[in-house]
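Visitor: Sharing my_file33.pdb (PDB, C-alpha atoms) below.
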```
ATOM      1  CA  MET A   1     -31.788  -2.272  41.263  1.00  0.00           C
ATOM      2  CA  TRP A   2     -29.999  -2.956  38.007  1.00  0.00           C
ATOM      3  CA  ASN A   3     -26.213  -3.182  38.249  1.00  0.00           C
ATOM      4  CA  PHE A   4     -24.106  -1.923  35.336  1.00  0.00           C
ATOM      5  CA  PHE A   5     -21.549  -4.713  35.628  1.00  0.00           C
ATOM      6  CA  ASP A   6     -24.238  -7.421  35.659  1.00  0.00           C
ATOM      7  CA  GLY A   7     -25.624  -6.042  32.407  1.00  0.00           C
ATOM      8  CA  LEU A   8     -22.155  -5.833  30.890  1.00  0.00           C
ATOM      9  CA  GLY A   9     -21.485  -9.419  31.956  1.00  0.00           C
ATOM     10  CA  ASP A  10     -24.718 -10.576  30.302  1.00  0.00           C
ATOM     11  CA  ILE A  11     -23.769  -8.805  27.069  1.00  0.00           C
ATOM     12  CA  LEU A  12     -20.285 -10.348  27.086  1.00  0.00           C
ATOM     13  CA  ASN A  13     -21.738 -13.804  27.783  1.00  0.00           C
ATOM     14  CA  GLY A  14     -24.078 -13.375  24.817  1.00  0.00           C
ATOM     15  CA  LEU A  15     -21.196 -12.331  22.541  1.00  0.00           C
ATOM     16  CA  ASP A  16     -19.138 -15.271  23.764  1.00  0.00           C
ATOM     17  CA  LEU A  17     -22.009 -17.620  22.994  1.00  0.00           C
ATOM     18  CA  LEU A  18     -22.382 -16.179  19.484  1.00  0.00           C
ATOM     19  CA  LEU A  19     -18.658 -16.371  18.750  1.00  0.00           C
ATOM     20  CA  ASN A  20     -18.309 -19.930  20.046  1.00  0.00           C
ATOM     21  CA  SER A  21     -21.361 -21.167  18.165  1.00  0.00           C
ATOM     22  CA  SER A  22     -20.130 -19.722  14.872  1.00  0.00           C
ATOM     23  CA  SER A  23     -16.656 -21.226  15.330  1.00  0.00           C
ATOM     24  CA  SER A  24     -18.080 -24.634  16.221  1.00  0.00           C
ATOM     25  CA  LEU A  25     -19.766 -24.782  12.827  1.00  0.00           C
ATOM     26  CA  ASN A  26     -16.343 -24.873  11.161  1.00  0.00           C
ATOM     27  CA  THR A  27     -15.111 -28.417  11.785  1.00  0.00           C
ATOM     28  CA  ASN A  28     -12.057 -28.201   9.518  1.00  0.00           C
ATOM     29  CA  TYR A  29      -9.662 -26.284  11.735  1.00  0.00           C
ATOM     30  CA  ASN A  30      -6.534 -27.233   9.800  1.00  0.00           C
ATOM     31  CA  GLU A  31      -7.812 -26.085   6.417  1.00  0.00           C
ATOM     32  CA  LYS A  32      -7.149 -22.529   5.403  1.00  0.00           C
ATOM     33  CA  PRO A  33      -9.904 -20.655   3.631  1.00  0.00           C
ATOM     34  CA  ALA A  34      -9.520 -20.600  -0.121  1.00  0.00           C
ATOM     35  CA  LYS A  35      -7.747 -17.489  -1.361  1.00  0.00           C
ATOM     36  CA  LYS A  36      -9.158 -15.510  -4.203  1.00  0.00           C
ATOM     37  CA  LYS A  37      -7.339 -16.289  -7.390  1.00  0.00           C
ATOM     38  CA  LYS A  38      -5.616 -13.286  -8.908  1.00  0.00           C
ATOM     39  CA  SER A  39      -5.852 -12.695 -12.606  1.00  0.00           C
ATOM     40  CA  LYS A  40      -2.989 -13.926 -14.732  1.00  0.00           C
ATOM     41  CA  TYR A  41      -1.455 -10.503 -15.340  1.00  0.00           C
ATOM     42  CA  PHE A  42      -2.345  -8.754 -12.058  1.00  0.00           C
ATOM     43  CA  THR A  43       1.200  -7.579 -11.307  1.00  0.00           C
ATOM     44  CA  GLU A  44       1.688  -6.214 -14.812  1.00  0.00           C
ATOM     45  CA  LYS A  45      -1.640  -4.362 -14.725  1.00  0.00           C
ATOM     46  CA  VAL A  46      -0.856  -2.712 -11.383  1.00  0.00           C
ATOM     47  CA  SER A  47       2.644  -1.788 -12.600  1.00  0.00           C
ATOM     48  CA  ILE A  48       1.360  -0.240 -15.834  1.00  0.00           C
ATOM     49  CA  CYS A  49      -1.241   1.788 -13.901  1.00  0.00           C
ATOM     50  CA  LEU A  50       1.419   3.077 -11.507  1.00  0.00           C
ATOM     51  CA  ILE A  51       3.729   3.988 -14.393  1.00  0.00           C
ATOM     52  CA  ALA A  52       0.882   5.822 -16.142  1.00  0.00           C
ATOM     53  CA  LEU A  53       0.037   7.751 -12.961  1.00  0.00           C
ATOM     54  CA  ALA A  54       3.712   8.589 -12.487  1.00  0.00           C
ATOM     55  CA  GLY A  55       3.887   9.837 -16.076  1.00  0.00           C
ATOM     56  CA  VAL A  56       0.898  12.125 -15.533  1.00  0.00           C
ATOM     57  CA  LEU A  57       2.389  13.481 -12.305  1.00  0.00           C
ATOM     58  CA  PHE A  58       5.784  14.031 -13.960  1.00  0.00           C
ATOM     59  CA  PHE A  59       4.025  15.905 -16.784  1.00  0.00           C
ATOM     60  CA  PHE A  60       2.374  18.297 -14.325  1.00  0.00           C
ATOM     61  CA  VAL A  61       5.652  18.805 -12.464  1.00  0.00           C
ATOM     62  CA  PHE A  62       7.919  19.383 -15.454  1.00  0.00           C
ATOM     63  CA  LYS A  63       5.572  21.171 -17.893  1.00  0.00           C
ATOM     64  CA  ASP A  64       6.818  24.514 -16.554  1.00  0.00           C
ATOM     65  CA  SER A  65      10.397  25.310 -15.718  1.00  0.00           C
ATOM     66  CA  LEU A  66      11.365  24.536 -12.153  1.00  0.00           C
ATOM     67  CA  PRO A  67      12.940  27.110  -9.852  1.00  0.00           C
ATOM     68  CA  ASP A  68      16.738  27.235 -10.024  1.00  0.00           C
ATOM     69  CA  LYS A  69      17.270  27.554  -6.284  1.00  0.00           C
ATOM     70  CA  ASN A  70      18.505  24.222  -4.833  1.00  0.00           C
ATOM     71  CA  TYR A  71      17.064  22.315  -7.805  1.00  0.00           C
ATOM     72  CA  THR A  72      19.499  19.375  -7.638  1.00  0.00           C
ATOM     73  CA  GLN A  73      19.343  19.088  -3.863  1.00  0.00           C
ATOM     74  CA  THR A  74      15.537  19.093  -3.968  1.00  0.00           C
ATOM     75  CA  LEU A  75      15.438  16.338  -6.584  1.00  0.00           C
ATOM     76  CA  ILE A  76      17.852  14.185  -4.569  1.00  0.00           C
ATOM     77  CA  VAL A  77      15.955  14.639  -1.295  1.00  0.00           C
ATOM     78  CA  VAL A  78      12.554  13.946  -2.853  1.00  0.00           C
ATOM     79  CA  SER A  79      13.956  10.886  -4.652  1.00  0.00           C
ATOM     80  CA  LEU A  80      15.341   9.531  -1.391  1.00  0.00           C
ATOM     81  CA  LEU A  81      12.019  10.157   0.362  1.00  0.00           C
ATOM     82  CA  GLY A  82      10.110   8.403  -2.433  1.00  0.00           C
ATOM     83  CA  THR A  83      12.473   5.445  -2.252  1.00  0.00           C
ATOM     84  CA  ALA A  84      12.113   5.275   1.542  1.00  0.00           C
ATOM     85  CA  VAL A  85       8.301   5.331   1.348  1.00  0.00           C
ATOM     86  CA  SER A  86       8.472   2.607  -1.301  1.00  0.00           C
ATOM     87  CA  GLY A  87      10.717   0.529   0.937  1.00  0.00           C
ATOM     88  CA  LEU A  88       8.225   0.902   3.765  1.00  0.00           C
ATOM     89  CA  LEU A  89       5.427  -0.248   1.453  1.00  0.00           C
ATOM     90  CA  PHE A  90       7.509  -3.234   0.330  1.00  0.00           C
ATOM     91  CA  PHE A  91       8.149  -4.185   3.962  1.00  0.00           C
ATOM     92  CA  ILE A  92       4.439  -3.983   4.788  1.00  0.00           C
ATOM     93  CA  LEU A  93       3.596  -6.117   1.759  1.00  0.00           C
ATOM     94  CA  TYR A  94       6.279  -8.619   2.786  1.00  0.00           C
ATOM     95  CA  VAL A  95       4.924  -8.885   6.321  1.00  0.00           C
ATOM     96  CA  MET A  96       1.425  -9.420   4.917  1.00  0.00           C
ATOM     97  CA  GLU A  97       2.919 -12.147   2.660  1.00  0.00           C
ATOM     98  CA  LEU A  98       1.903 -10.287  -0.516  1.00  0.00           C
ATOM     99  CA  TYR A  99       5.388  -9.434  -1.774  1.00  0.00           C
ATOM    100  CA  TYR A 100       6.368 -12.521  -3.717  1.00  0.00           C
ATOM    101  CA  PHE A 101       6.873 -12.942  -7.427  1.00  0.00           C
ATOM    102  CA  LYS A 102       7.300 -15.895  -9.761  1.00  0.00           C
ATOM    103  CA  ASN A 103      10.142 -14.357 -11.731  1.00  0.00           C
ATOM    104  CA  LEU A 104      12.653 -11.535 -11.548  1.00  0.00           C
ATOM    105  CA  PHE A 105      10.986  -9.489 -14.298  1.00  0.00           C
ATOM    106  CA  LYS A 106       7.762  -9.107 -12.315  1.00  0.00           C
ATOM    107  CA  LEU A 107       9.713  -8.150  -9.193  1.00  0.00           C
ATOM    108  CA  LEU A 108      11.715  -5.476 -11.014  1.00  0.00           C
ATOM    109  CA  LEU A 109       8.690  -4.145 -12.917  1.00  0.00           C
ATOM    110  CA  PHE A 110       6.537  -3.808  -9.816  1.00  0.00           C
ATOM    111  CA  SER A 111       9.292  -2.428  -7.592  1.00  0.00           C
ATOM    112  CA  GLY A 112      10.462   0.066 -10.202  1.00  0.00           C
ATOM    113  CA  SER A 113       6.948   1.294 -10.912  1.00  0.00           C
ATOM    114  CA  VAL A 114       6.178   1.775  -7.210  1.00  0.00           C
ATOM    115  CA  ILE A 115       9.428   3.671  -6.642  1.00  0.00           C
ATOM    116  CA  LEU A 116       8.801   5.824  -9.728  1.00  0.00           C
ATOM    117  CA  PHE A 117       5.250   6.553  -8.589  1.00  0.00           C
ATOM    118  CA  PHE A 118       6.271   7.660  -5.100  1.00  0.00           C
ATOM    119  CA  ILE A 119       9.087   9.849  -6.456  1.00  0.00           C
ATOM    120  CA  SER A 120       6.685  11.527  -8.889  1.00  0.00           C
ATOM    121  CA  LEU A 121       4.096  11.948  -6.138  1.00  0.00           C
ATOM    122  CA  GLY A 122       6.691  13.553  -3.889  1.00  0.00           C
ATOM    123  CA  LEU A 123       7.798  15.931  -6.630  1.00  0.00           C
ATOM    124  CA  PHE A 124       4.209  16.813  -7.424  1.00  0.00           C
ATOM    125  CA  ILE A 125       3.444  17.567  -3.790  1.00  0.00           C
ATOM    126  CA  TYR A 126       6.630  19.587  -3.389  1.00  0.00           C
ATOM    127  CA  PHE A 127       6.511  21.722  -6.530  1.00  0.00           C
ATOM    128  CA  ARG A 128       2.836  22.092  -7.374  1.00  0.00           C
ATOM    129  CA  SER A 129       0.725  21.939  -4.255  1.00  0.00           C
ATOM    130  CA  GLY A 130       2.282  24.842  -2.419  1.00  0.00           C
ATOM    131  CA  LEU A 131       2.204  22.949   0.867  1.00  0.00           C
ATOM    132  CA  ILE A 132       5.965  23.028   1.304  1.00  0.00           C
ATOM    133  CA  LEU A 133       7.052  26.099  -0.671  1.00  0.00           C
TER     134      LEU A 133
END
```
Show the structure stored in the file as structure tokens.

Guide:
Amino acid sequence: MWNFFDGLGDILNGLDLLLNSSSSLNTNYNEKPAKKKKSKYFTEKVSICLIALAGVLFFFVFKDSLPDKNYTQTLIVVSLLGTAVSGLLFFILYVMELYYFKNLFKLLLFSGSVILFFISLGLFIYFRSGLIL
């Protein structure tokens, strides 16, 4: 009679054999795989796209007059939420070792565009989607 655990053991032994044979082909353990080279203006392109998206979202939010009830408080809360989400994204990028810049201009441009995008996205969701209102 066939035993379930014997079959599972055979499958795991086969996977172990496949994984060990593929890792034994790589004899250079100390060398890291070559990273893909980013384009010269990658940070600027991403920042410009985020600013353009933020501009479109701000247009949809502010094309009509906003309600007067708690207008200032709403803007402050949504701005703080957008900044907090941006900070979380920056932390994740830092942990993944993707949040480094060669000069201060690129850092400020990217960070400002991400913060602006998340604030505009929060305002768009709040005022236009009807999910919260």

Visitor: May I ask which of the residues A:Ser129, A:Asn103, A:Thr72, A:Ser47 is the closest one to A:Leu116, counting all atoms listed in the file?

Guide: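 Of all the options, A:Ser47 lies closest to A:Leu116.
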
Visitor: To verify the selection step, state as a PyMOL selection string which residues the PyMOL selection byres ((chain A and resi 114) around 12) yields on this input.

Guide: chain A and resi 43-44+46-54+82-90+107-113+115-121

Visitor: Separation of atom CA of A:Lys63 and atom CA of A:Ile76, in Å?

Guide: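 It comes out at 19.4 Å.
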
Visitor: My list of candidates is A:Asn13, A:Tyr41, A:Val78, A:Phe127. Which is closest to A:Lys102 when distances are computed with only C-alpha atoms?

Guide: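 Comparing A:Asn13, A:Tyr41, A:Val78, A:Phe127 against A:Lys102, the winner is A:Tyr41.
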
Visitor: How many Å lie between atom CA of A:Ser79 and atom CA of A:Arg128, rounded to one decimal?

Guide: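 Those two atoms sit 16.0 Å apart.
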
Visitor: How many Å separate atom CA of A:Ile125 from atom CA of A:Leu75?

Guide: 12.4 Å

Visitor: Would you mind putting N, CA, C and O atoms back on stretch 77-94 of chain A and writing the result as a PDB file, keeping the file's coordinate frame?

Guide:
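Contents of rebuild_26.pdb, as written:
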```pdb
ATOM      1  N   VAL A  77      16.675  14.877  -2.548  1.00  0.00           N
ATOM      2  CA  VAL A  77      15.955  14.639  -1.295  1.00  0.00           C
ATOM      3  C   VAL A  77      14.593  14.008  -1.553  1.00  0.00           C
ATOM      4  O   VAL A  77      14.193  13.052  -0.880  1.00  0.00           O
ATOM      5  N   VAL A  78      13.871  14.508  -2.543  1.00  0.00           N
ATOM      6  CA  VAL A  78      12.554  13.946  -2.853  1.00  0.00           C
ATOM      7  C   VAL A  78      12.693  12.518  -3.384  1.00  0.00           C
ATOM      8  O   VAL A  78      11.873  11.651  -3.061  1.00  0.00           O
ATOM      9  N   SER A  79      13.731  12.250  -4.165  1.00  0.00           N
ATOM     10  CA  SER A  79      13.956  10.886  -4.652  1.00  0.00           C
ATOM     11  C   SER A  79      14.267   9.927  -3.509  1.00  0.00           C
ATOM     12  O   SER A  79      13.776   8.791  -3.485  1.00  0.00           O
ATOM     13  N   LEU A  80      15.054  10.372  -2.558  1.00  0.00           N
ATOM     14  CA  LEU A  80      15.341   9.531  -1.391  1.00  0.00           C
ATOM     15  C   LEU A  80      14.091   9.296  -0.546  1.00  0.00           C
ATOM     16  O   LEU A  80      13.869   8.178  -0.050  1.00  0.00           O
ATOM     17  N   LEU A  81      13.266  10.326  -0.381  1.00  0.00           N
ATOM     18  CA  LEU A  81      12.019  10.157   0.362  1.00  0.00           C
ATOM     19  C   LEU A  81      11.063   9.191  -0.352  1.00  0.00           C
ATOM     20  O   LEU A  81      10.425   8.364   0.287  1.00  0.00           O
ATOM     21  N   GLY A  82      10.960   9.316  -1.670  1.00  0.00           N
ATOM     22  CA  GLY A  82      10.110   8.403  -2.433  1.00  0.00           C
ATOM     23  C   GLY A  82      10.594   6.970  -2.347  1.00  0.00           C
ATOM     24  O   GLY A  82       9.800   6.034  -2.223  1.00  0.00           O
ATOM     25  N   THR A  83      11.904   6.781  -2.382  1.00  0.00           N
ATOM     26  CA  THR A  83      12.473   5.445  -2.252  1.00  0.00           C
ATOM     27  C   THR A  83      12.243   4.885  -0.846  1.00  0.00           C
ATOM     28  O   THR A  83      11.946   3.695  -0.683  1.00  0.00           O
ATOM     29  N   ALA A  84      12.346   5.728   0.167  1.00  0.00           N
ATOM     30  CA  ALA A  84      12.113   5.275   1.542  1.00  0.00           C
ATOM     31  C   ALA A  84      10.651   4.885   1.757  1.00  0.00           C
ATOM     32  O   ALA A  84      10.362   3.858   2.390  1.00  0.00           O
ATOM     33  N   VAL A  85       9.720   5.670   1.229  1.00  0.00           N
ATOM     34  CA  VAL A  85       8.301   5.331   1.348  1.00  0.00           C
ATOM     35  C   VAL A  85       8.010   4.035   0.602  1.00  0.00           C
ATOM     36  O   VAL A  85       7.246   3.183   1.075  1.00  0.00           O
ATOM     37  N   SER A  86       8.637   3.854  -0.553  1.00  0.00           N
ATOM     38  CA  SER A  86       8.472   2.607  -1.301  1.00  0.00           C
ATOM     39  C   SER A  86       9.012   1.423  -0.514  1.00  0.00           C
ATOM     40  O   SER A  86       8.383   0.354  -0.476  1.00  0.00           O
ATOM     41  N   GLY A  87      10.157   1.598   0.112  1.00  0.00           N
ATOM     42  CA  GLY A  87      10.717   0.529   0.937  1.00  0.00           C
ATOM     43  C   GLY A  87       9.803   0.166   2.090  1.00  0.00           C
ATOM     44  O   GLY A  87       9.651  -1.012   2.440  1.00  0.00           O
ATOM     45  N   LEU A  88       9.176   1.168   2.695  1.00  0.00           N
ATOM     46  CA  LEU A  88       8.225   0.902   3.765  1.00  0.00           C
ATOM     47  C   LEU A  88       7.022   0.119   3.240  1.00  0.00           C
ATOM     48  O   LEU A  88       6.556  -0.826   3.889  1.00  0.00           O
ATOM     49  N   LEU A  89       6.535   0.491   2.063  1.00  0.00           N
ATOM     50  CA  LEU A  89       5.427  -0.248   1.453  1.00  0.00           C
ATOM     51  C   LEU A  89       5.831  -1.681   1.142  1.00  0.00           C
ATOM     52  O   LEU A  89       5.055  -2.616   1.385  1.00  0.00           O
ATOM     53  N   PHE A  90       7.041  -1.881   0.627  1.00  0.00           N
ATOM     54  CA  PHE A  90       7.509  -3.234   0.330  1.00  0.00           C
ATOM     55  C   PHE A  90       7.602  -4.075   1.603  1.00  0.00           C
ATOM     56  O   PHE A  90       7.258  -5.254   1.606  1.00  0.00           O
ATOM     57  N   PHE A  91       8.058  -3.467   2.698  1.00  0.00           N
ATOM     58  CA  PHE A  91       8.149  -4.185   3.962  1.00  0.00           C
ATOM     59  C   PHE A  91       6.769  -4.583   4.466  1.00  0.00           C
ATOM     60  O   PHE A  91       6.563  -5.708   4.932  1.00  0.00           O
ATOM     61  N   ILE A  92       5.806  -3.670   4.361  1.00  0.00           N
ATOM     62  CA  ILE A  92       4.439  -3.983   4.788  1.00  0.00           C
ATOM     63  C   ILE A  92       3.860  -5.102   3.941  1.00  0.00           C
ATOM     64  O   ILE A  92       3.226  -6.032   4.461  1.00  0.00           O
ATOM     65  N   LEU A  93       4.075  -5.043   2.636  1.00  0.00           N
ATOM     66  CA  LEU A  93       3.596  -6.117   1.759  1.00  0.00           C
ATOM     67  C   LEU A  93       4.273  -7.445   2.079  1.00  0.00           C
ATOM     68  O   LEU A  93       3.644  -8.500   2.023  1.00  0.00           O
ATOM     69  N   TYR A  94       5.552  -7.400   2.434  1.00  0.00           N
ATOM     70  CA  TYR A  94       6.279  -8.619   2.786  1.00  0.00           C
ATOM     71  C   TYR A  94       5.739  -9.228   4.077  1.00  0.00           C
ATOM     72  O   TYR A  94       5.562 -10.441   4.175  1.00  0.00           O
TER      73      TYR A  94
END
```
